[in-house]
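Enquirer: Contents of my_file-v9.cif (mmCIF, C-alpha atoms) are below:
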```
data_work
#
loop_
_atom_site.group_PDB
_atom_site.id
_atom_site.type_symbol
_atom_site.label_atom_id
_atom_site.label_comp_id
_atom_site.auth_asym_id
_atom_site.auth_seq_id
_atom_site.Cartn_x
_atom_site.Cartn_y
_atom_site.Cartn_z
ATOM 1 C CA MET A 8 18.616 45.944 -42.055
ATOM 2 C CA THR A 9 14.966 45.482 -41.451
ATOM 3 C CA GLY A 10 13.322 47.390 -38.644
ATOM 4 C CA CYS A 11 14.780 49.649 -36.006
ATOM 5 C CA SER A 12 14.432 47.575 -32.880
ATOM 6 C CA HIS A 13 18.192 47.206 -32.595
ATOM 7 C CA LEU A 14 18.738 50.924 -32.057
ATOM 8 C CA TYR A 15 19.036 52.270 -28.556
ATOM 9 C CA ALA A 16 19.678 55.748 -27.316
ATOM 10 C CA GLY A 17 20.517 55.323 -23.711
ATOM 11 C CA ARG A 18 17.842 53.015 -22.367
ATOM 12 C CA TYR A 19 15.306 53.979 -25.032
ATOM 13 C CA SER A 20 14.424 51.721 -27.898
ATOM 14 C CA ALA A 21 13.526 53.109 -31.292
ATOM 15 C CA ASP A 22 9.846 52.932 -30.459
ATOM 16 C CA ALA A 23 10.256 55.184 -27.400
ATOM 17 C CA PHE A 24 8.733 58.095 -29.256
ATOM 18 C CA THR A 25 5.676 56.195 -30.432
ATOM 19 C CA ARG A 26 4.703 54.858 -27.031
ATOM 20 C CA ARG A 27 4.016 56.730 -23.850
ATOM 21 C CA LEU A 28 7.086 57.095 -21.676
ATOM 22 C CA ARG A 29 6.997 55.703 -18.171
ATOM 23 C CA PRO A 30 7.333 58.309 -15.407
ATOM 24 C CA THR A 31 10.849 57.096 -14.629
ATOM 25 C CA GLU A 32 11.994 57.677 -18.201
ATOM 26 C CA ASN A 33 13.421 61.052 -19.029
ATOM 27 C CA ILE A 34 13.679 62.213 -22.608
ATOM 28 C CA LEU A 35 16.698 64.344 -21.726
ATOM 29 C CA ASN A 36 18.789 61.245 -20.941
ATOM 30 C CA ILE A 37 19.049 60.371 -24.615
ATOM 31 C CA LYS A 38 22.669 60.539 -25.642
ATOM 32 C CA HIS A 39 22.304 60.499 -29.417
ATOM 33 C CA ARG A 40 21.057 63.444 -31.412
ATOM 34 C CA TYR A 41 19.682 61.330 -34.250
ATOM 35 C CA ARG A 42 18.432 57.807 -34.504
ATOM 36 C CA ARG A 43 18.872 56.051 -37.793
ATOM 37 C CA CYS A 44 16.528 53.536 -39.215
ATOM 38 C CA ASN A 45 17.617 51.588 -42.275
ATOM 39 C CA THR A 46 15.007 49.474 -43.928
ATOM 40 C CA SER A 47 15.114 47.689 -47.217
ATOM 41 C CA SER A 48 12.179 49.709 -48.554
ATOM 42 C CA ARG A 49 13.478 53.164 -47.619
ATOM 43 C CA PRO A 50 16.732 55.027 -47.594
ATOM 44 C CA ASP A 51 18.406 56.234 -44.424
ATOM 45 C CA VAL A 52 15.855 58.184 -42.368
ATOM 46 C CA ARG A 53 17.011 60.706 -39.815
ATOM 47 C CA ILE A 54 14.572 61.731 -37.138
ATOM 48 C CA PRO A 55 15.901 64.694 -35.181
ATOM 49 C CA MET A 56 15.512 64.406 -31.445
ATOM 50 C CA LYS A 57 14.941 67.522 -29.445
ATOM 51 C CA PRO A 58 18.197 68.611 -27.849
ATOM 52 C CA PHE A 59 18.224 70.219 -24.435
ATOM 53 C CA SER A 60 16.926 73.715 -25.080
ATOM 54 C CA SER A 61 19.113 76.653 -24.133
ATOM 55 C CA ASP A 62 15.900 78.467 -23.155
ATOM 56 C CA GLN A 63 15.141 75.660 -20.727
ATOM 57 C CA ALA A 64 18.680 75.886 -19.369
ATOM 58 C CA LEU A 65 18.256 79.624 -18.749
ATOM 59 C CA PHE A 66 14.869 79.062 -17.103
ATOM 60 C CA ASP A 67 16.317 76.350 -14.848
ATOM 61 C CA LYS A 68 19.191 78.655 -13.899
ATOM 62 C CA ALA A 69 16.736 81.447 -13.033
ATOM 63 C CA LEU A 70 14.558 79.068 -11.032
ATOM 64 C CA ASN A 71 17.583 77.797 -9.107
ATOM 65 C CA SER A 72 18.643 81.388 -8.396
ATOM 66 C CA TYR A 73 15.142 82.227 -7.185
ATOM 67 C CA THR A 74 14.940 79.186 -4.900
ATOM 68 C CA ALA A 75 18.405 80.046 -3.547
ATOM 69 C CA ASN A 76 16.967 83.497 -2.706
ATOM 70 C CA SER A 77 19.237 85.237 -5.199
ATOM 71 C CA ILE A 78 16.516 87.486 -6.608
ATOM 72 C CA PRO A 79 18.755 89.878 -8.629
ATOM 73 C CA ASP A 80 20.485 86.955 -10.376
ATOM 74 C CA ALA A 81 17.111 85.401 -11.182
ATOM 75 C CA ALA A 82 15.878 88.711 -12.621
ATOM 76 C CA ARG A 83 18.963 89.092 -14.838
ATOM 77 C CA THR A 84 18.679 85.540 -16.134
ATOM 78 C CA LEU A 85 14.963 85.922 -16.816
ATOM 79 C CA LYS A 86 15.522 89.175 -18.732
ATOM 80 C CA LYS A 87 18.085 87.352 -20.869
ATOM 81 C CA LEU A 88 15.626 84.500 -21.438
ATOM 82 C CA LEU A 89 12.788 86.835 -22.370
ATOM 83 C CA THR A 90 14.910 88.766 -24.864
ATOM 84 C CA ARG A 91 15.505 85.452 -26.650
ATOM 85 C CA SER A 92 11.964 84.068 -26.211
ATOM 86 C CA PRO A 93 9.557 86.894 -25.360
ATOM 87 C CA ASN A 94 6.571 84.548 -25.037
ATOM 88 C CA HIS A 95 8.175 82.005 -22.700
ATOM 89 C CA PHE A 96 5.309 81.403 -20.269
ATOM 90 C CA GLY A 97 7.412 80.040 -17.410
ATOM 91 C CA GLY A 98 9.852 82.917 -17.747
ATOM 92 C CA LEU A 99 7.068 85.511 -17.681
ATOM 93 C CA ASN A 100 5.410 83.928 -14.647
ATOM 94 C CA LEU A 101 8.651 83.641 -12.703
ATOM 95 C CA LEU A 102 9.683 87.187 -13.644
ATOM 96 C CA GLY A 103 6.351 88.424 -12.289
ATOM 97 C CA VAL A 104 6.990 86.607 -9.006
ATOM 98 C CA VAL A 105 10.519 88.050 -8.844
ATOM 99 C CA GLN A 106 9.146 91.548 -9.469
ATOM 100 C CA ILE A 107 6.646 91.054 -6.626
ATOM 101 C CA HIS A 108 9.570 90.155 -4.341
ATOM 102 C CA GLN A 109 11.345 93.310 -5.507
ATOM 103 C CA SER A 110 8.197 95.358 -4.669
ATOM 104 C CA ARG A 111 7.840 96.348 -8.341
ATOM 105 C CA PHE A 112 4.117 95.661 -8.377
ATOM 106 C CA ALA A 113 3.181 97.650 -11.509
ATOM 107 C CA ALA A 114 5.819 95.835 -13.568
ATOM 108 C CA ALA A 115 4.741 92.530 -12.023
ATOM 109 C CA SER A 116 1.100 93.070 -12.958
ATOM 110 C CA ASP A 117 2.070 93.895 -16.567
ATOM 111 C CA THR A 118 4.330 90.847 -16.808
ATOM 112 C CA LEU A 119 1.741 88.525 -15.288
ATOM 113 C CA LYS A 120 -0.997 89.870 -17.582
ATOM 114 C CA ARG A 121 1.204 88.923 -20.545
ATOM 115 C CA ALA A 122 1.647 85.468 -19.024
ATOM 116 C CA THR A 123 -2.119 85.007 -18.606
ATOM 117 C CA GLU A 124 -2.608 85.974 -22.252
ATOM 118 C CA ILE A 125 -0.250 83.162 -23.253
ATOM 119 C CA ASN A 126 -1.743 80.573 -20.899
ATOM 120 C CA ALA A 127 -5.227 81.371 -19.672
ATOM 121 C CA GLN A 128 -5.465 78.060 -17.779
ATOM 122 C CA SER A 129 -2.737 78.663 -15.199
ATOM 123 C CA ASP A 130 -4.373 79.172 -11.830
ATOM 124 C CA ALA A 131 -1.064 80.011 -10.154
ATOM 125 C CA THR A 132 -0.424 82.848 -12.602
ATOM 126 C CA PHE A 133 -3.842 84.371 -11.900
ATOM 127 C CA ASN A 134 -3.135 84.089 -8.171
ATOM 128 C CA ASN A 135 0.211 85.870 -8.635
ATOM 129 C CA LEU A 136 -1.543 88.551 -10.688
ATOM 130 C CA ALA A 137 -4.085 89.010 -7.901
ATOM 131 C CA LEU A 138 -1.261 89.487 -5.376
ATOM 132 C CA ALA A 139 0.359 92.172 -7.534
ATOM 133 C CA LEU A 140 -2.941 93.975 -8.139
ATOM 134 C CA LYS A 141 -3.827 93.828 -4.442
ATOM 135 C CA ALA A 142 -0.484 95.450 -3.595
ATOM 136 C CA LEU A 143 -1.381 98.238 -6.054
ATOM 137 C CA SER A 144 -4.755 98.670 -4.249
ATOM 138 C CA ARG A 145 -6.596 97.682 -7.422
ATOM 139 C CA TYR A 146 -8.982 95.475 -5.493
ATOM 140 C CA SER A 147 -11.681 94.954 -8.122
ATOM 141 C CA ASP A 148 -9.071 93.797 -10.667
ATOM 142 C CA ALA A 149 -7.450 91.609 -8.012
ATOM 143 C CA MET A 150 -10.843 90.089 -7.199
ATOM 144 C CA ALA A 151 -11.421 89.300 -10.888
ATOM 145 C CA ALA A 152 -7.989 87.641 -11.128
ATOM 146 C CA ILE A 153 -8.463 85.526 -8.011
ATOM 147 C CA ASP A 154 -11.959 84.558 -9.140
ATOM 148 C CA ARG A 155 -10.421 83.281 -12.384
ATOM 149 C CA ALA A 156 -7.875 81.251 -10.376
ATOM 150 C CA ILE A 157 -10.715 79.776 -8.308
ATOM 151 C CA GLU A 158 -12.664 79.000 -11.463
ATOM 152 C CA ILE A 159 -9.688 77.015 -12.793
ATOM 153 C CA SER A 160 -8.872 75.283 -9.503
ATOM 154 C CA PRO A 161 -11.807 75.525 -7.082
ATOM 155 C CA ARG A 162 -10.339 73.175 -4.454
ATOM 156 C CA THR A 163 -7.240 75.232 -3.710
ATOM 157 C CA ALA A 164 -7.740 76.698 -0.238
ATOM 158 C CA GLU A 165 -5.000 79.299 -0.722
ATOM 159 C CA TYR A 166 -7.041 80.980 -3.464
ATOM 160 C CA TRP A 167 -10.171 81.131 -1.318
ATOM 161 C CA ASN A 168 -8.101 82.616 1.509
ATOM 162 C CA GLN A 169 -6.621 85.184 -0.871
ATOM 163 C CA ARG A 170 -10.135 86.054 -2.059
ATOM 164 C CA GLY A 171 -11.205 86.647 1.537
ATOM 165 C CA LEU A 172 -8.211 88.919 2.167
ATOM 166 C CA ILE A 173 -8.962 90.949 -0.967
ATOM 167 C CA ASN A 174 -12.617 91.174 0.034
ATOM 168 C CA SER A 175 -11.716 92.408 3.525
ATOM 169 C CA GLU A 176 -9.413 95.053 2.013
ATOM 170 C CA MET A 177 -12.265 96.171 -0.251
ATOM 171 C CA MET A 178 -14.639 96.332 2.755
ATOM 172 C CA ASN A 179 -12.085 98.316 4.780
ATOM 173 C CA LEU A 180 -11.748 100.746 1.899
ATOM 174 C CA ASP A 181 -15.547 101.062 1.615
ATOM 175 C CA ASN A 182 -15.831 101.598 5.372
ATOM 176 C CA ALA A 183 -13.110 104.261 5.277
ATOM 177 C CA VAL A 184 -14.913 106.075 2.474
ATOM 178 C CA ASP A 185 -18.222 105.861 4.386
ATOM 179 C CA ARG A 186 -16.609 107.244 7.562
ATOM 180 C CA LYS A 187 -15.003 110.108 5.679
ATOM 181 C CA SER A 188 -18.251 111.019 3.899
ATOM 182 C CA THR A 189 -20.103 110.894 7.231
ATOM 183 C CA ARG A 190 -17.584 113.313 8.768
ATOM 184 C CA LEU A 191 -17.870 115.652 5.808
ATOM 185 C CA ASN A 192 -21.673 115.672 5.993
ATOM 186 C CA SER A 193 -21.701 116.457 9.723
#
```
Have the structure of the file written as structure tokens, please.
Expert:
Amino acid sequence: MTGCSHLYAGRYSADAFTRRLRPTENILNIKHRYRRCNTSSRPDVRIPMKPFSSDQALFDKALNSYTANSIPDAARTLKKLLTRSPNHFGGLNLLGVVQIHQSRFAAASDTLKRATEINAQSDATFNNLALALKALSRYSDAMAAIDRAIEISPRTAEYWNQRGLINSEMMNLDNAVDRKSTRLNS
């Protein structure tokens, strides 16, 4: 046989991996694990296709549990995912959000810091980190995290609002300290 144009995996031709996929095409719809290409000049060539990852399946299960408001199930699934893939960015970010919902702010800040080390361009992760740090009353660290989120995505109004809330908390704390020192000096 010459060429591979006769091979199809689902609705994908053999050149599906060399061209850009249209938005309606989904790589996970491919039914065959390997595509074979016999040419007269080469022997049988097997190109492995990426199967559906079990890590992705665990992440999807955790995300579905979280959206269904089943926070303990999401936490268990994410712990299982992170024991298998400790640097799974999505798993770390979602676990941090779950820990915020469980009011485990110290654990959430540690988890989200690990996530920001893996992907320093995720504005949402820096925003989540700022929320956890604000809950711990670590306002200067929270301000640095939200400033990083704003630096990445300056047009997101939610981040500017969060920055204002952190700033007002810092001002309230400064005012409380000033009032207490004034009382002590009187």
Enquirer: Give as a list in words the residues that the PyMOL selection byres ((chain A and resi 78-88) around 7) matches when applied to the coordinates above.
Expert: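 This file gives the following for the PyMOL selection byres ((chain A and resi 78-88) around 7): Asp62, Leu65, Phe66, Ala69, Leu70, Ser72, Tyr73, Asn76, Ser77, Leu89, Thr90, Arg91, Ser92, Gly98, Leu102 and Val105 of chain A.
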Enquirer: For range 113-119 of chain A, take all atoms listed in the file, fit an axis-aligned box around them, add 8 Å to each of the six sides, then output centre and edge lengths in Å rounded to one decimal, as AutoDock Vina command-line options.
Expert:
```
--center_x 3.5 --center_y 93.1 --center_z -14.2 --size_x 20.7 --size_y 25.1 --size_z 21.3
```
Enquirer: Taking the file above as input, evaluate the PyMOL selection byres ((chain A and resi 113) around 12) and report the hits as a ChimeraX atom specification.
Expert: /A:103-104,106-107,109-112,114-120,136-145
Enquirer: Hey, can you check how far CA of Thr123 in chain A sits from CA of Asp148 in chain A?
Expert: 13.7 Å
Enquirer: Separation of CA of Ala122 in chain A and CA of His95 in chain A, in Å?
Expert: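 Interatomic distance here is 8.3 Å.
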Enquirer: Leaving out Gln169 in chain A and any residue of its chain fewer than 2 positions from it, which residues lie within 10 Å of it when counting all atoms listed in the file, given as a PyMOL selection string?
Expert: chain A and resi 134+137-138+141+149-150+153-154+164-167+171-175
Enquirer: Those residues you just picked out, can you put them in a file as a PDB file, in the frame of the given file with C-alpha atoms?
Expert:
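Listed below is the output, result11.pdb:
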```
ATOM      1  CA  ASN A 134      -3.135  84.089  -8.171  1.00  0.00           C
ATOM      2  CA  ALA A 137      -4.085  89.010  -7.901  1.00  0.00           C
ATOM      3  CA  LEU A 138      -1.261  89.487  -5.376  1.00  0.00           C
ATOM      4  CA  LYS A 141      -3.827  93.828  -4.442  1.00  0.00           C
ATOM      5  CA  ALA A 149      -7.450  91.609  -8.012  1.00  0.00           C
ATOM      6  CA  MET A 150     -10.843  90.089  -7.199  1.00  0.00           C
ATOM      7  CA  ILE A 153      -8.463  85.526  -8.011  1.00  0.00           C
ATOM      8  CA  ASP A 154     -11.959  84.558  -9.140  1.00  0.00           C
ATOM      9  CA  ALA A 164      -7.740  76.698  -0.238  1.00  0.00           C
ATOM     10  CA  GLU A 165      -5.000  79.299  -0.722  1.00  0.00           C
ATOM     11  CA  TYR A 166      -7.041  80.980  -3.464  1.00  0.00           C
ATOM     12  CA  TRP A 167     -10.171  81.131  -1.318  1.00  0.00           C
ATOM     13  CA  GLY A 171     -11.205  86.647   1.537  1.00  0.00           C
ATOM     14  CA  LEU A 172      -8.211  88.919   2.167  1.00  0.00           C
ATOM     15  CA  ILE A 173      -8.962  90.949  -0.967  1.00  0.00           C
ATOM     16  CA  ASN A 174     -12.617  91.174   0.034  1.00  0.00           C
ATOM     17  CA  SER A 175     -11.716  92.408   3.525  1.00  0.00           C
TER      18      SER A 175
END
```
Enquirer: For Gln63 in chain A, which of A:Phe96, A:Glu124, A:Ile157, A:Met177 is the closest residue, counting all atoms listed in the file?
Expert: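 Comparing A:Phe96, A:Glu124, A:Ile157, A:Met177 against Gln63 in chain A, the winner is A:Phe96.
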Enquirer: Report as a PyMOL selection string the full result of the PyMOL selection byres ((chain A and resi 128) around 12) when it is applied to this structure.
Expert: chain A and resi 96+122-127+129-134+152+155-160
Enquirer: Which is closest to Asn71 in chain A among A:Ser147, A:His108, A:Asn94, A:Leu101, if we use only C-alpha atoms?
Expert: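 Closest candidate: A:Leu101.
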Enquirer: For a test of reading the model, state the distance in Å between CA of Leu180 in chain A and CA of Tyr146 in chain A, rounded to one decimal.
Expert: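 Separation between CA of Leu180 in chain A and CA of Tyr146 in chain A: 9.5 Å.
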Enquirer: Missing atoms in range 95-106 of chain A: can you complete it with all heavy atoms, as a compact mmCIF listing (two decimals), in the coordinates of the input?
Expert:
```txt
# COMPACT_ATOMS: atom_id res chain seq x y z
N HIS A 95 7.89 83.17 -23.55
CA HIS A 95 8.18 82.00 -22.70
C HIS A 95 7.31 82.12 -21.44
O HIS A 95 7.56 82.96 -20.58
CB HIS A 95 9.66 81.97 -22.34
CG HIS A 95 10.09 80.69 -21.72
ND1 HIS A 95 9.88 80.41 -20.39
CD2 HIS A 95 10.73 79.61 -22.24
CE1 HIS A 95 10.38 79.22 -20.11
NE2 HIS A 95 10.90 78.72 -21.22
N PHE A 96 6.28 81.28 -21.35
CA PHE A 96 5.31 81.40 -20.27
C PHE A 96 5.96 81.27 -18.90
O PHE A 96 5.71 82.07 -17.99
CB PHE A 96 4.19 80.36 -20.44
CG PHE A 96 3.31 80.26 -19.25
CD1 PHE A 96 2.39 81.25 -18.97
CD2 PHE A 96 3.42 79.19 -18.38
CE1 PHE A 96 1.59 81.19 -17.85
CE2 PHE A 96 2.62 79.12 -17.26
CZ PHE A 96 1.70 80.12 -16.99
N GLY A 97 6.78 80.25 -18.71
CA GLY A 97 7.41 80.04 -17.41
C GLY A 97 8.29 81.21 -17.02
O GLY A 97 8.32 81.62 -15.86
N GLY A 98 9.00 81.76 -18.01
CA GLY A 98 9.85 82.92 -17.75
C GLY A 98 9.05 84.14 -17.34
O GLY A 98 9.42 84.87 -16.42
N LEU A 99 7.92 84.37 -18.03
CA LEU A 99 7.07 85.51 -17.68
C LEU A 99 6.48 85.35 -16.28
O LEU A 99 6.47 86.31 -15.49
CB LEU A 99 5.94 85.66 -18.70
CG LEU A 99 6.36 86.20 -20.07
CD1 LEU A 99 5.22 86.05 -21.06
CD2 LEU A 99 6.80 87.64 -19.97
N ASN A 100 6.00 84.16 -15.97
CA ASN A 100 5.41 83.93 -14.65
C ASN A 100 6.45 84.12 -13.55
O ASN A 100 6.20 84.81 -12.56
CB ASN A 100 4.79 82.53 -14.59
CG ASN A 100 4.02 82.30 -13.31
OD1 ASN A 100 3.38 83.19 -12.79
ND2 ASN A 100 4.10 81.09 -12.79
N LEU A 101 7.62 83.52 -13.73
CA LEU A 101 8.65 83.64 -12.70
C LEU A 101 9.16 85.08 -12.59
O LEU A 101 9.42 85.56 -11.48
CB LEU A 101 9.81 82.67 -12.99
CG LEU A 101 10.89 82.59 -11.92
CD1 LEU A 101 10.31 82.21 -10.57
CD2 LEU A 101 11.96 81.60 -12.34
N LEU A 102 9.26 85.79 -13.71
CA LEU A 102 9.68 87.19 -13.64
C LEU A 102 8.66 88.01 -12.87
O LEU A 102 9.03 88.89 -12.08
CB LEU A 102 9.89 87.77 -15.04
CG LEU A 102 10.34 89.23 -15.09
CD1 LEU A 102 11.68 89.41 -14.39
CD2 LEU A 102 10.41 89.73 -16.52
N GLY A 103 7.38 87.73 -13.06
CA GLY A 103 6.35 88.42 -12.29
C GLY A 103 6.50 88.17 -10.80
O GLY A 103 6.37 89.10 -9.99
N VAL A 104 6.79 86.94 -10.43
CA VAL A 104 6.99 86.61 -9.01
C VAL A 104 8.23 87.33 -8.47
O VAL A 104 8.21 87.88 -7.35
CB VAL A 104 7.10 85.08 -8.83
CG1 VAL A 104 7.52 84.72 -7.41
CG2 VAL A 104 5.79 84.41 -9.18
N VAL A 105 9.29 87.35 -9.26
CA VAL A 105 10.52 88.05 -8.84
C VAL A 105 10.23 89.54 -8.67
O VAL A 105 10.69 90.16 -7.69
CB VAL A 105 11.65 87.80 -9.88
CG1 VAL A 105 12.79 88.77 -9.70
CG2 VAL A 105 12.14 86.37 -9.79
N GLN A 106 9.47 90.13 -9.58
CA GLN A 106 9.15 91.55 -9.47
C GLN A 106 8.28 91.83 -8.24
O GLN A 106 8.41 92.88 -7.62
CB GLN A 106 8.45 92.02 -10.75
CG GLN A 106 9.40 92.09 -11.92
CD GLN A 106 8.70 92.28 -13.26
OE1 GLN A 106 7.54 91.93 -13.42
NE2 GLN A 106 9.42 92.84 -14.22
```
